[in-house]
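Participant: If you scroll down you'll find the structure; I have some questions about it.
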Amino acid sequence: MTEQYFLLMTDQESPYCSIYPYGILALEPDVELPVKAAQLSFPFDVKDISSDEIFWNFDKPEPLLFDYYMGKGHIVSAEVMAIFDSLRLAPHFKKRLTVYMQGKQTNHDYFYIAFACGEWLKGVQQDPQFIFYDEKNSDYQLDRNGLPLPTGQIALTEVAAQYDVFEFTNCHFLSSYLVLNAQAKAKLEQQGMKAGKFVPLQEAFNTVVTDRRLKLSDLLPKVKKTIKPWFADVSKKS
């Protein structure tokens with residue numbers, strides 16, 4: 001089953017990719033420079049925004065050419081948003097994204113998506129309808145914070161089959177990425193998906209580690225070295 005699922009990632013090697021677009025997400029357009037710091041925490045506060053529109057403010061012009069970009073949520077072109085609207089997405093919040101550069105509105109046509117994350121209590125997801133990563137039947141190691149690292153086979157819950165597109169809420173390492181089934185992938189590939197790449201779900205962990213320039217040892221708990229007292233060797237010789 002999981003062989004039919006994929007992770008959607010920003011393709012940093014794409015000529016359409018803006019690796020670090022230095023824009024600030026905000027509730028209002030910023031016409032005075034420099035652009036003010038963010039007043040809200042994206043994507044977590046999006047659920048509290050009543051407006052259907054938010055703004056992406058830049059101090060200087062940026063070549064925004066991508067169809068997909070992941071950064072504190074998901075930014076997609078209008079063409080990709082139309083495809084998403086035809087698919088079964090897990091509970092989410094959609095906002096029209098208006099882009100301002102140097103205090104002036106541009107003609108970029110983007111949407112912003114943030115997925116609902118359910119209810120949490122002491123670090124544990126309380127709502128079964130938001131649990132898509134099947135921890136019980138997956139192979140993983142615990143990271144330095146005691147959270148599962150999906151280093152082995154990834155299993156999905158039955159709830160995942162209800163959706164074409166969703167985010168993991170109970171697998172922290174992959175929680176920022178979109179998970180798509182084969183149908184969603186096929187539709188998006190027909191669009192072209194400039195600056196987006198699809199990674200088989202079972203290869204997701206290694207791909208994310210490589211893209212982030214990490215090593216597995218950077219994520220696992222540190223192994224405490226046992227220091228042998230100096231007098232231990234002396235006592236053996238005497």
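For the structure tokens, the naming scheme is as follows: chains receive sequential letters (A, B, ...) according to their order of presentation, residues are indexed from 1 within each chain, and ligands are indexed from 1 in presentation order.
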Counting only C-alpha atoms, what is within 12 Å of Ala186 in chain A, bar same-chain residues fewer than 3 positions away, as number ranges by chain?
Facilitator: A: 4-6, 83-84, 87, 164, 180-183, 189-193, 198
Participant: Which neighbours of Tyr22 in chain A fall inside 12 Å, counting only C-alpha atoms, when residues of the same chain fewer than 5 positions from it are skipped, and could you give them as a PyMOL selection string?
Facilitator: chain A and resi 34-35+37-38+56-64+71+99-101
Participant: Write out the residues from the selection above, keeping N, CA, C and O atoms, as a PDB file, in the first residue's frame.
Facilitator:
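What follows is the written file selection-v8.pdb:
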```
ATOM      1  N   PRO A  34      12.074  48.842   5.803  1.00  0.00           N
ATOM      2  CA  PRO A  34      12.088  47.402   5.547  1.00  0.00           C
ATOM      3  C   PRO A  34      10.809  46.731   6.035  1.00  0.00           C
ATOM      4  O   PRO A  34      10.083  47.263   6.870  1.00  0.00           O
ATOM      5  N   VAL A  35      10.558  45.527   5.490  1.00  0.00           N
ATOM      6  CA  VAL A  35       9.374  44.766   5.855  1.00  0.00           C
ATOM      7  C   VAL A  35       9.438  44.398   7.333  1.00  0.00           C
ATOM      8  O   VAL A  35      10.494  44.034   7.855  1.00  0.00           O
ATOM      9  N   ALA A  37       8.791  42.365  10.884  1.00  0.00           N
ATOM     10  CA  ALA A  37       8.860  40.959  11.289  1.00  0.00           C
ATOM     11  C   ALA A  37       7.459  40.366  11.373  1.00  0.00           C
ATOM     12  O   ALA A  37       6.475  41.091  11.575  1.00  0.00           O
ATOM     13  N   ALA A  38       7.386  39.065  11.237  1.00  0.00           N
ATOM     14  CA  ALA A  38       6.087  38.376  11.273  1.00  0.00           C
ATOM     15  C   ALA A  38       5.420  38.560  12.628  1.00  0.00           C
ATOM     16  O   ALA A  38       6.076  38.476  13.671  1.00  0.00           O
ATOM     17  N   TRP A  56       2.444  38.167   1.288  1.00  0.00           N
ATOM     18  CA  TRP A  56       3.847  37.753   1.314  1.00  0.00           C
ATOM     19  C   TRP A  56       4.657  38.984   0.928  1.00  0.00           C
ATOM     20  O   TRP A  56       4.656  39.400  -0.233  1.00  0.00           O
ATOM     21  N   ASN A  57       5.323  39.588   1.898  1.00  0.00           N
ATOM     22  CA  ASN A  57       5.991  40.876   1.704  1.00  0.00           C
ATOM     23  C   ASN A  57       7.506  40.712   1.564  1.00  0.00           C
ATOM     24  O   ASN A  57       8.146  40.034   2.374  1.00  0.00           O
ATOM     25  N   PHE A  58       8.063  41.380   0.553  1.00  0.00           N
ATOM     26  CA  PHE A  58       9.494  41.305   0.270  1.00  0.00           C
ATOM     27  C   PHE A  58      10.099  42.710   0.250  1.00  0.00           C
ATOM     28  O   PHE A  58       9.476  43.657  -0.238  1.00  0.00           O
ATOM     29  N   ASP A  59      11.326  42.820   0.737  1.00  0.00           N
ATOM     30  CA  ASP A  59      12.045  44.089   0.664  1.00  0.00           C
ATOM     31  C   ASP A  59      12.494  44.395  -0.764  1.00  0.00           C
ATOM     32  O   ASP A  59      12.562  45.553  -1.162  1.00  0.00           O
ATOM     33  N   LYS A  60      12.826  43.358  -1.510  1.00  0.00           N
ATOM     34  CA  LYS A  60      13.349  43.547  -2.868  1.00  0.00           C
ATOM     35  C   LYS A  60      12.746  42.515  -3.803  1.00  0.00           C
ATOM     36  O   LYS A  60      12.189  41.497  -3.345  1.00  0.00           O
ATOM     37  N   PRO A  61      12.827  42.727  -5.102  1.00  0.00           N
ATOM     38  CA  PRO A  61      12.259  41.775  -6.063  1.00  0.00           C
ATOM     39  C   PRO A  61      12.900  40.393  -5.943  1.00  0.00           C
ATOM     40  O   PRO A  61      14.110  40.273  -5.737  1.00  0.00           O
ATOM     41  N   GLU A  62      12.085  39.370  -6.037  1.00  0.00           N
ATOM     42  CA  GLU A  62      12.546  37.979  -6.003  1.00  0.00           C
ATOM     43  C   GLU A  62      11.965  37.249  -7.215  1.00  0.00           C
ATOM     44  O   GLU A  62      10.793  37.438  -7.556  1.00  0.00           O
ATOM     45  N   PRO A  63      12.760  36.391  -7.869  1.00  0.00           N
ATOM     46  CA  PRO A  63      12.257  35.656  -9.039  1.00  0.00           C
ATOM     47  C   PRO A  63      11.429  34.448  -8.614  1.00  0.00           C
ATOM     48  O   PRO A  63      11.924  33.324  -8.544  1.00  0.00           O
ATOM     49  N   LEU A  64      10.161  34.666  -8.321  1.00  0.00           N
ATOM     50  CA  LEU A  64       9.284  33.576  -7.897  1.00  0.00           C
ATOM     51  C   LEU A  64       8.713  32.880  -9.130  1.00  0.00           C
ATOM     52  O   LEU A  64       7.771  33.375  -9.749  1.00  0.00           O
ATOM     53  N   GLY A  71       7.513  26.128   2.950  1.00  0.00           N
ATOM     54  CA  GLY A  71       8.144  27.007   3.920  1.00  0.00           C
ATOM     55  C   GLY A  71       7.106  27.514   4.889  1.00  0.00           C
ATOM     56  O   GLY A  71       6.286  28.356   4.537  1.00  0.00           O
ATOM     57  N   VAL A  99       1.302  38.879  -3.221  1.00  0.00           N
ATOM     58  CA  VAL A  99       2.735  39.145  -3.070  1.00  0.00           C
ATOM     59  C   VAL A  99       3.031  40.626  -3.268  1.00  0.00           C
ATOM     60  O   VAL A  99       2.635  41.227  -4.284  1.00  0.00           O
ATOM     61  N   TYR A 100       3.721  41.208  -2.289  1.00  0.00           N
ATOM     62  CA  TYR A 100       4.198  42.589  -2.375  1.00  0.00           C
ATOM     63  C   TYR A 100       5.721  42.591  -2.376  1.00  0.00           C
ATOM     64  O   TYR A 100       6.354  41.922  -1.551  1.00  0.00           O
ATOM     65  N   MET A 101       6.298  43.350  -3.314  1.00  0.00           N
ATOM     66  CA  MET A 101       7.748  43.506  -3.380  1.00  0.00           C
ATOM     67  C   MET A 101       8.079  44.990  -3.439  1.00  0.00           C
ATOM     68  O   MET A 101       7.501  45.718  -4.259  1.00  0.00           O
TER      69      MET A 101
END
```
Participant: Excluding Val179 in chain A and any residue of its chain fewer than 3 positions from it, enumerate the residues within 6 Å of it, using only C-alpha atoms, and give them as a list of chain:residue names.
Facilitator: A:Phe6, A:Leu7, A:Val165, A:Phe166, A:Glu167
Participant: Keeping only N, CA, C and O atoms, write those residues as a JSON list (two decimals), in the first residue's frame.
Facilitator:
```json
[["chain", "number", "residue", "atom", "x", "y", "z"],
["A", 6, "PHE", "N", 3.79, 9.05, -1.92],
["A", 6, "PHE", "CA", 4.99, 9.82, -2.21],
["A", 6, "PHE", "C", 5.04, 11.06, -1.31],
["A", 6, "PHE", "O", 4.01, 11.54, -0.82],
["A", 7, "LEU", "N", 6.26, 11.54, -1.11],
["A", 7, "LEU", "CA", 6.46, 12.81, -0.41],
["A", 7, "LEU", "C", 6.69, 13.88, -1.46],
["A", 7, "LEU", "O", 7.44, 13.67, -2.42],
["A", 165, "VAL", "N", -4.20, 13.64, -0.19],
["A", 165, "VAL", "CA", -3.10, 14.49, 0.26],
["A", 165, "VAL", "C", -3.26, 14.76, 1.75],
["A", 165, "VAL", "O", -4.35, 15.11, 2.21],
["A", 166, "PHE", "N", -2.17, 14.61, 2.50],
["A", 166, "PHE", "CA", -2.21, 14.89, 3.94],
["A", 166, "PHE", "C", -0.81, 15.16, 4.46],
["A", 166, "PHE", "O", 0.18, 15.01, 3.73],
["A", 167, "GLU", "N", -0.72, 15.56, 5.71],
["A", 167, "GLU", "CA", 0.54, 15.71, 6.42],
["A", 167, "GLU", "C", 0.55, 14.75, 7.60],
["A", 167, "GLU", "O", -0.48, 14.52, 8.23]]
```
Participant: Set the distance at 9 Å and use only C-alpha atoms: which residues neighbour Tyr69 in chain A once local chain neighbours fewer than 3 positions away are removed? I'd like the list as an NGL selection string.
Facilitator: :A and (9-11 or 17-19 or 66 or 73-76 or 195-196)
Participant: Print the selection's residues with all heavy atoms to a file, as a PDB file, in the first residue's frame.
Facilitator:
```
ATOM      1  N   MET A   9       8.393  17.346  -2.194  1.00  0.00           N
ATOM      2  CA  MET A   9       9.453  18.167  -1.628  1.00  0.00           C
ATOM      3  C   MET A   9       9.820  19.294  -2.584  1.00  0.00           C
ATOM      4  O   MET A   9       9.576  19.212  -3.786  1.00  0.00           O
ATOM      5  CB  MET A   9      10.699  17.309  -1.350  1.00  0.00           C
ATOM      6  CG  MET A   9      10.472  16.169  -0.385  1.00  0.00           C
ATOM      7  SD  MET A   9      11.973  15.179  -0.129  1.00  0.00           S
ATOM      8  CE  MET A   9      13.059  16.403   0.628  1.00  0.00           C
ATOM      9  N   THR A  10      10.404  20.336  -2.060  1.00  0.00           N
ATOM     10  CA  THR A  10      10.967  21.387  -2.895  1.00  0.00           C
ATOM     11  C   THR A  10      12.213  20.849  -3.584  1.00  0.00           C
ATOM     12  O   THR A  10      13.118  20.320  -2.938  1.00  0.00           O
ATOM     13  CB  THR A  10      11.341  22.614  -2.045  1.00  0.00           C
ATOM     14  OG1 THR A  10      10.173  23.092  -1.372  1.00  0.00           O
ATOM     15  CG2 THR A  10      11.906  23.727  -2.923  1.00  0.00           C
ATOM     16  N   ASP A  11      12.255  20.967  -4.900  1.00  0.00           N
ATOM     17  CA  ASP A  11      13.408  20.503  -5.675  1.00  0.00           C
ATOM     18  C   ASP A  11      14.438  21.624  -5.731  1.00  0.00           C
ATOM     19  O   ASP A  11      14.344  22.541  -6.546  1.00  0.00           O
ATOM     20  CB  ASP A  11      12.962  20.102  -7.080  1.00  0.00           C
ATOM     21  CG  ASP A  11      14.101  19.520  -7.901  1.00  0.00           C
ATOM     22  OD1 ASP A  11      15.239  19.455  -7.388  1.00  0.00           O
ATOM     23  OD2 ASP A  11      13.857  19.139  -9.057  1.00  0.00           O
ATOM     24  N   CYS A  17      13.510  27.015  -8.790  1.00  0.00           N
ATOM     25  CA  CYS A  17      13.465  27.010  -7.326  1.00  0.00           C
ATOM     26  C   CYS A  17      14.067  28.276  -6.737  1.00  0.00           C
ATOM     27  O   CYS A  17      15.167  28.683  -7.100  1.00  0.00           O
ATOM     28  CB  CYS A  17      14.194  25.789  -6.791  1.00  0.00           C
ATOM     29  SG  CYS A  17      14.235  25.702  -4.991  1.00  0.00           S
ATOM     30  N   SER A  18      13.321  28.890  -5.827  1.00  0.00           N
ATOM     31  CA  SER A  18      13.868  29.954  -4.984  1.00  0.00           C
ATOM     32  C   SER A  18      14.133  29.312  -3.626  1.00  0.00           C
ATOM     33  O   SER A  18      13.215  29.119  -2.826  1.00  0.00           O
ATOM     34  CB  SER A  18      12.874  31.104  -4.838  1.00  0.00           C
ATOM     35  OG  SER A  18      12.565  31.664  -6.095  1.00  0.00           O
ATOM     36  N   ILE A  19      15.381  28.958  -3.378  1.00  0.00           N
ATOM     37  CA  ILE A  19      15.696  28.174  -2.181  1.00  0.00           C
ATOM     38  C   ILE A  19      15.340  28.934  -0.912  1.00  0.00           C
ATOM     39  O   ILE A  19      14.765  28.402   0.018  1.00  0.00           O
ATOM     40  CB  ILE A  19      17.182  27.768  -2.173  1.00  0.00           C
ATOM     41  CG1 ILE A  19      17.498  26.920  -3.413  1.00  0.00           C
ATOM     42  CG2 ILE A  19      17.511  26.983  -0.910  1.00  0.00           C
ATOM     43  CD1 ILE A  19      18.936  26.489  -3.511  1.00  0.00           C
ATOM     44  N   PHE A  66       8.301  29.236  -9.170  1.00  0.00           N
ATOM     45  CA  PHE A  66       7.933  27.868  -8.829  1.00  0.00           C
ATOM     46  C   PHE A  66       6.427  27.647  -8.831  1.00  0.00           C
ATOM     47  O   PHE A  66       5.633  28.580  -8.707  1.00  0.00           O
ATOM     48  CB  PHE A  66       8.510  27.501  -7.457  1.00  0.00           C
ATOM     49  CG  PHE A  66       8.101  28.466  -6.363  1.00  0.00           C
ATOM     50  CD1 PHE A  66       6.876  28.359  -5.743  1.00  0.00           C
ATOM     51  CD2 PHE A  66       8.965  29.470  -5.947  1.00  0.00           C
ATOM     52  CE1 PHE A  66       6.497  29.239  -4.739  1.00  0.00           C
ATOM     53  CE2 PHE A  66       8.596  30.355  -4.939  1.00  0.00           C
ATOM     54  CZ  PHE A  66       7.357  30.233  -4.337  1.00  0.00           C
ATOM     55  N   GLY A  73       4.471  26.059   5.934  1.00  0.00           N
ATOM     56  CA  GLY A  73       3.235  25.783   5.223  1.00  0.00           C
ATOM     57  C   GLY A  73       3.575  25.458   3.780  1.00  0.00           C
ATOM     58  O   GLY A  73       4.733  25.166   3.457  1.00  0.00           O
ATOM     59  N   HIS A  74       2.614  25.548   2.895  1.00  0.00           N
ATOM     60  CA  HIS A  74       2.835  25.192   1.498  1.00  0.00           C
ATOM     61  C   HIS A  74       2.325  26.303   0.597  1.00  0.00           C
ATOM     62  O   HIS A  74       1.193  26.774   0.751  1.00  0.00           O
ATOM     63  CB  HIS A  74       2.118  23.882   1.171  1.00  0.00           C
ATOM     64  CG  HIS A  74       2.442  22.783   2.134  1.00  0.00           C
ATOM     65  ND1 HIS A  74       3.561  21.997   2.021  1.00  0.00           N
ATOM     66  CD2 HIS A  74       1.800  22.375   3.268  1.00  0.00           C
ATOM     67  CE1 HIS A  74       3.598  21.141   3.020  1.00  0.00           C
ATOM     68  NE2 HIS A  74       2.540  21.349   3.793  1.00  0.00           N
ATOM     69  N   ILE A  75       3.166  26.725  -0.336  1.00  0.00           N
ATOM     70  CA  ILE A  75       2.803  27.772  -1.287  1.00  0.00           C
ATOM     71  C   ILE A  75       2.734  27.129  -2.675  1.00  0.00           C
ATOM     72  O   ILE A  75       3.694  26.497  -3.120  1.00  0.00           O
ATOM     73  CB  ILE A  75       3.823  28.922  -1.257  1.00  0.00           C
ATOM     74  CG1 ILE A  75       3.821  29.577   0.136  1.00  0.00           C
ATOM     75  CG2 ILE A  75       3.504  29.957  -2.335  1.00  0.00           C
ATOM     76  CD1 ILE A  75       4.889  30.634   0.327  1.00  0.00           C
ATOM     77  N   VAL A  76       1.598  27.293  -3.330  1.00  0.00           N
ATOM     78  CA  VAL A  76       1.393  26.650  -4.621  1.00  0.00           C
ATOM     79  C   VAL A  76       0.841  27.667  -5.620  1.00  0.00           C
ATOM     80  O   VAL A  76       0.175  28.635  -5.244  1.00  0.00           O
ATOM     81  CB  VAL A  76       0.425  25.451  -4.517  1.00  0.00           C
ATOM     82  CG1 VAL A  76       0.968  24.406  -3.562  1.00  0.00           C
ATOM     83  CG2 VAL A  76      -0.963  25.895  -4.085  1.00  0.00           C
ATOM     84  N   ALA A 195       9.729  23.109  -9.720  1.00  0.00           N
ATOM     85  CA  ALA A 195      10.423  23.185  -8.418  1.00  0.00           C
ATOM     86  C   ALA A 195       9.838  22.246  -7.377  1.00  0.00           C
ATOM     87  O   ALA A 195      10.183  22.332  -6.203  1.00  0.00           O
ATOM     88  CB  ALA A 195      10.456  24.607  -7.869  1.00  0.00           C
ATOM     89  N   GLY A 196       8.988  21.306  -7.792  1.00  0.00           N
ATOM     90  CA  GLY A 196       8.506  20.276  -6.884  1.00  0.00           C
ATOM     91  C   GLY A 196       9.023  18.919  -7.327  1.00  0.00           C
ATOM     92  O   GLY A 196       9.158  18.659  -8.522  1.00  0.00           O
TER      93      GLY A 196
END
```
Participant: Nearest to Phe93 in chain A: which of A:Ile54, A:Met70, A:Ile131, A:Leu65 is it, counting only C-alpha atoms?
Facilitator: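 Of A:Ile54, A:Met70, A:Ile131, A:Leu65, the one nearest Phe93 in chain A, counting only C-alpha atoms, is A:Ile54.
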Participant: Between A:Val199, A:Leu27, A:Leu216, A:Leu188, which one has atoms that come closest to Met81 in chain A, using only C-alpha atoms?
Facilitator: A:Leu188
Participant: DSSP on the backbone: which residues in range 34-227 of chain A end up as alpha helix (DSSP H)? Give the answer as a PDB file with N, CA and C atoms, in the first residue's frame.
Facilitator:
```
ATOM      1  N   ALA A  78      -1.587  28.985  -8.744  1.00  0.00           N
ATOM      2  CA  ALA A  78      -3.031  28.864  -8.947  1.00  0.00           C
ATOM      3  C   ALA A  78      -3.370  27.587  -9.714  1.00  0.00           C
ATOM      4  N   GLU A  79      -2.492  27.186 -10.658  1.00  0.00           N
ATOM      5  CA  GLU A  79      -2.746  25.978 -11.443  1.00  0.00           C
ATOM      6  C   GLU A  79      -2.695  24.729 -10.550  1.00  0.00           C
ATOM      7  N   VAL A  80      -1.719  24.690  -9.642  1.00  0.00           N
ATOM      8  CA  VAL A  80      -1.613  23.556  -8.723  1.00  0.00           C
ATOM      9  C   VAL A  80      -2.765  23.570  -7.726  1.00  0.00           C
ATOM     10  N   MET A  81      -3.165  24.767  -7.296  1.00  0.00           N
ATOM     11  CA  MET A  81      -4.283  24.858  -6.358  1.00  0.00           C
ATOM     12  C   MET A  81      -5.559  24.300  -6.983  1.00  0.00           C
ATOM     13  N   ALA A  82      -5.739  24.534  -8.275  1.00  0.00           N
ATOM     14  CA  ALA A  82      -6.919  24.009  -8.967  1.00  0.00           C
ATOM     15  C   ALA A  82      -6.925  22.481  -8.944  1.00  0.00           C
ATOM     16  N   ILE A  83      -5.734  21.882  -9.047  1.00  0.00           N
ATOM     17  CA  ILE A  83      -5.643  20.426  -8.973  1.00  0.00           C
ATOM     18  C   ILE A  83      -5.943  19.952  -7.559  1.00  0.00           C
ATOM     19  N   PHE A  84      -5.369  20.627  -6.567  1.00  0.00           N
ATOM     20  CA  PHE A  84      -5.643  20.266  -5.178  1.00  0.00           C
ATOM     21  C   PHE A  84      -7.137  20.342  -4.871  1.00  0.00           C
ATOM     22  N   ASP A  85      -7.810  21.326  -5.444  1.00  0.00           N
ATOM     23  CA  ASP A  85      -9.244  21.478  -5.202  1.00  0.00           C
ATOM     24  C   ASP A  85     -10.045  20.293  -5.741  1.00  0.00           C
ATOM     25  N   ALA A 182      -0.846   7.955  -5.377  1.00  0.00           N
ATOM     26  CA  ALA A 182      -0.429   7.906  -6.778  1.00  0.00           C
ATOM     27  C   ALA A 182      -1.322   8.755  -7.679  1.00  0.00           C
ATOM     28  N   GLN A 183      -2.619   8.811  -7.368  1.00  0.00           N
ATOM     29  CA  GLN A 183      -3.541   9.608  -8.178  1.00  0.00           C
ATOM     30  C   GLN A 183      -3.178  11.088  -8.113  1.00  0.00           C
ATOM     31  N   ALA A 184      -2.913  11.588  -6.911  1.00  0.00           N
ATOM     32  CA  ALA A 184      -2.545  12.991  -6.754  1.00  0.00           C
ATOM     33  C   ALA A 184      -1.225  13.282  -7.455  1.00  0.00           C
ATOM     34  N   LYS A 185      -0.269  12.387  -7.310  1.00  0.00           N
ATOM     35  CA  LYS A 185       1.029  12.557  -7.970  1.00  0.00           C
ATOM     36  C   LYS A 185       0.859  12.649  -9.482  1.00  0.00           C
ATOM     37  N   ALA A 186       0.058  11.765 -10.058  1.00  0.00           N
ATOM     38  CA  ALA A 186      -0.137  11.748 -11.510  1.00  0.00           C
ATOM     39  C   ALA A 186      -0.744  13.054 -12.004  1.00  0.00           C
ATOM     40  N   LYS A 187      -1.734  13.569 -11.285  1.00  0.00           N
ATOM     41  CA  LYS A 187      -2.366  14.820 -11.698  1.00  0.00           C
ATOM     42  C   LYS A 187      -1.393  15.992 -11.621  1.00  0.00           C
ATOM     43  N   LEU A 188      -0.578  16.019 -10.583  1.00  0.00           N
ATOM     44  CA  LEU A 188       0.375  17.113 -10.429  1.00  0.00           C
ATOM     45  C   LEU A 188       1.504  17.022 -11.449  1.00  0.00           C
ATOM     46  N   GLU A 189       1.904  15.815 -11.789  1.00  0.00           N
ATOM     47  CA  GLU A 189       2.945  15.641 -12.809  1.00  0.00           C
ATOM     48  C   GLU A 189       2.460  16.121 -14.166  1.00  0.00           C
ATOM     49  N   GLN A 190       1.189  15.959 -14.448  1.00  0.00           N
ATOM     50  CA  GLN A 190       0.643  16.460 -15.708  1.00  0.00           C
ATOM     51  C   GLN A 190       0.750  17.978 -15.782  1.00  0.00           C
ATOM     52  N   GLN A 191       0.650  18.641 -14.631  1.00  0.00           N
ATOM     53  CA  GLN A 191       0.798  20.097 -14.578  1.00  0.00           C
ATOM     54  C   GLN A 191       2.230  20.516 -14.848  1.00  0.00           C
ATOM     55  N   ALA A 204      11.718   8.439   1.778  1.00  0.00           N
ATOM     56  CA  ALA A 204      11.578   9.807   2.260  1.00  0.00           C
ATOM     57  C   ALA A 204      12.611  10.160   3.315  1.00  0.00           C
ATOM     58  N   PHE A 205      12.824   9.269   4.276  1.00  0.00           N
ATOM     59  CA  PHE A 205      13.748   9.601   5.364  1.00  0.00           C
ATOM     60  C   PHE A 205      15.148   9.878   4.831  1.00  0.00           C
ATOM     61  N   ASN A 206      15.677   8.972   4.021  1.00  0.00           N
ATOM     62  CA  ASN A 206      17.041   9.148   3.501  1.00  0.00           C
ATOM     63  C   ASN A 206      17.146  10.387   2.620  1.00  0.00           C
ATOM     64  N   THR A 207      16.093  10.674   1.840  1.00  0.00           N
ATOM     65  CA  THR A 207      16.130  11.847   0.968  1.00  0.00           C
ATOM     66  C   THR A 207      16.128  13.135   1.773  1.00  0.00           C
ATOM     67  N   VAL A 208      15.296  13.206   2.810  1.00  0.00           N
ATOM     68  CA  VAL A 208      15.246  14.400   3.644  1.00  0.00           C
ATOM     69  C   VAL A 208      16.571  14.600   4.377  1.00  0.00           C
ATOM     70  N   VAL A 209      17.145  13.514   4.883  1.00  0.00           N
ATOM     71  CA  VAL A 209      18.443  13.603   5.560  1.00  0.00           C
ATOM     72  C   VAL A 209      19.494  14.154   4.614  1.00  0.00           C
ATOM     73  N   THR A 210      19.515  13.649   3.382  1.00  0.00           N
ATOM     74  CA  THR A 210      20.496  14.107   2.397  1.00  0.00           C
ATOM     75  C   THR A 210      20.270  15.569   2.034  1.00  0.00           C
ATOM     76  N   ASP A 211      19.012  15.955   1.782  1.00  0.00           N
ATOM     77  CA  ASP A 211      18.711  17.334   1.392  1.00  0.00           C
ATOM     78  C   ASP A 211      19.046  18.317   2.502  1.00  0.00           C
ATOM     79  N   LEU A 216      22.603  10.433  10.135  1.00  0.00           N
ATOM     80  CA  LEU A 216      21.753   9.755  11.107  1.00  0.00           C
ATOM     81  C   LEU A 216      22.288   9.956  12.518  1.00  0.00           C
ATOM     82  N   SER A 217      23.606   9.957  12.662  1.00  0.00           N
ATOM     83  CA  SER A 217      24.219  10.141  13.988  1.00  0.00           C
ATOM     84  C   SER A 217      23.898  11.514  14.581  1.00  0.00           C
ATOM     85  N   ASP A 218      23.571  12.494  13.708  1.00  0.00           N
ATOM     86  CA  ASP A 218      23.197  13.824  14.208  1.00  0.00           C
ATOM     87  C   ASP A 218      21.837  13.797  14.901  1.00  0.00           C
ATOM     88  N   LEU A 219      21.029  12.796  14.597  1.00  0.00           N
ATOM     89  CA  LEU A 219      19.651  12.748  15.065  1.00  0.00           C
ATOM     90  C   LEU A 219      19.439  11.784  16.223  1.00  0.00           C
TER      91      LEU A 219
END
```
Participant: Considering only C-alpha atoms, return as a list in words whatever protein or nucleic-acid residues lie within 10 Å of Leu40 in chain A, sequence-local ones (same chain, fewer than 6 positions apart) excluded.
Facilitator: Leu25, Ala26, Leu27, Val46, Asp48 and Ile49 of chain A
Participant: Of the candidates A:Val31, A:Val223, A:Leu201, A:Leu121, which shows the shortest atom-to-atom distance to Thr151 in chain A, using only C-alpha atoms?
Facilitator: A:Leu201
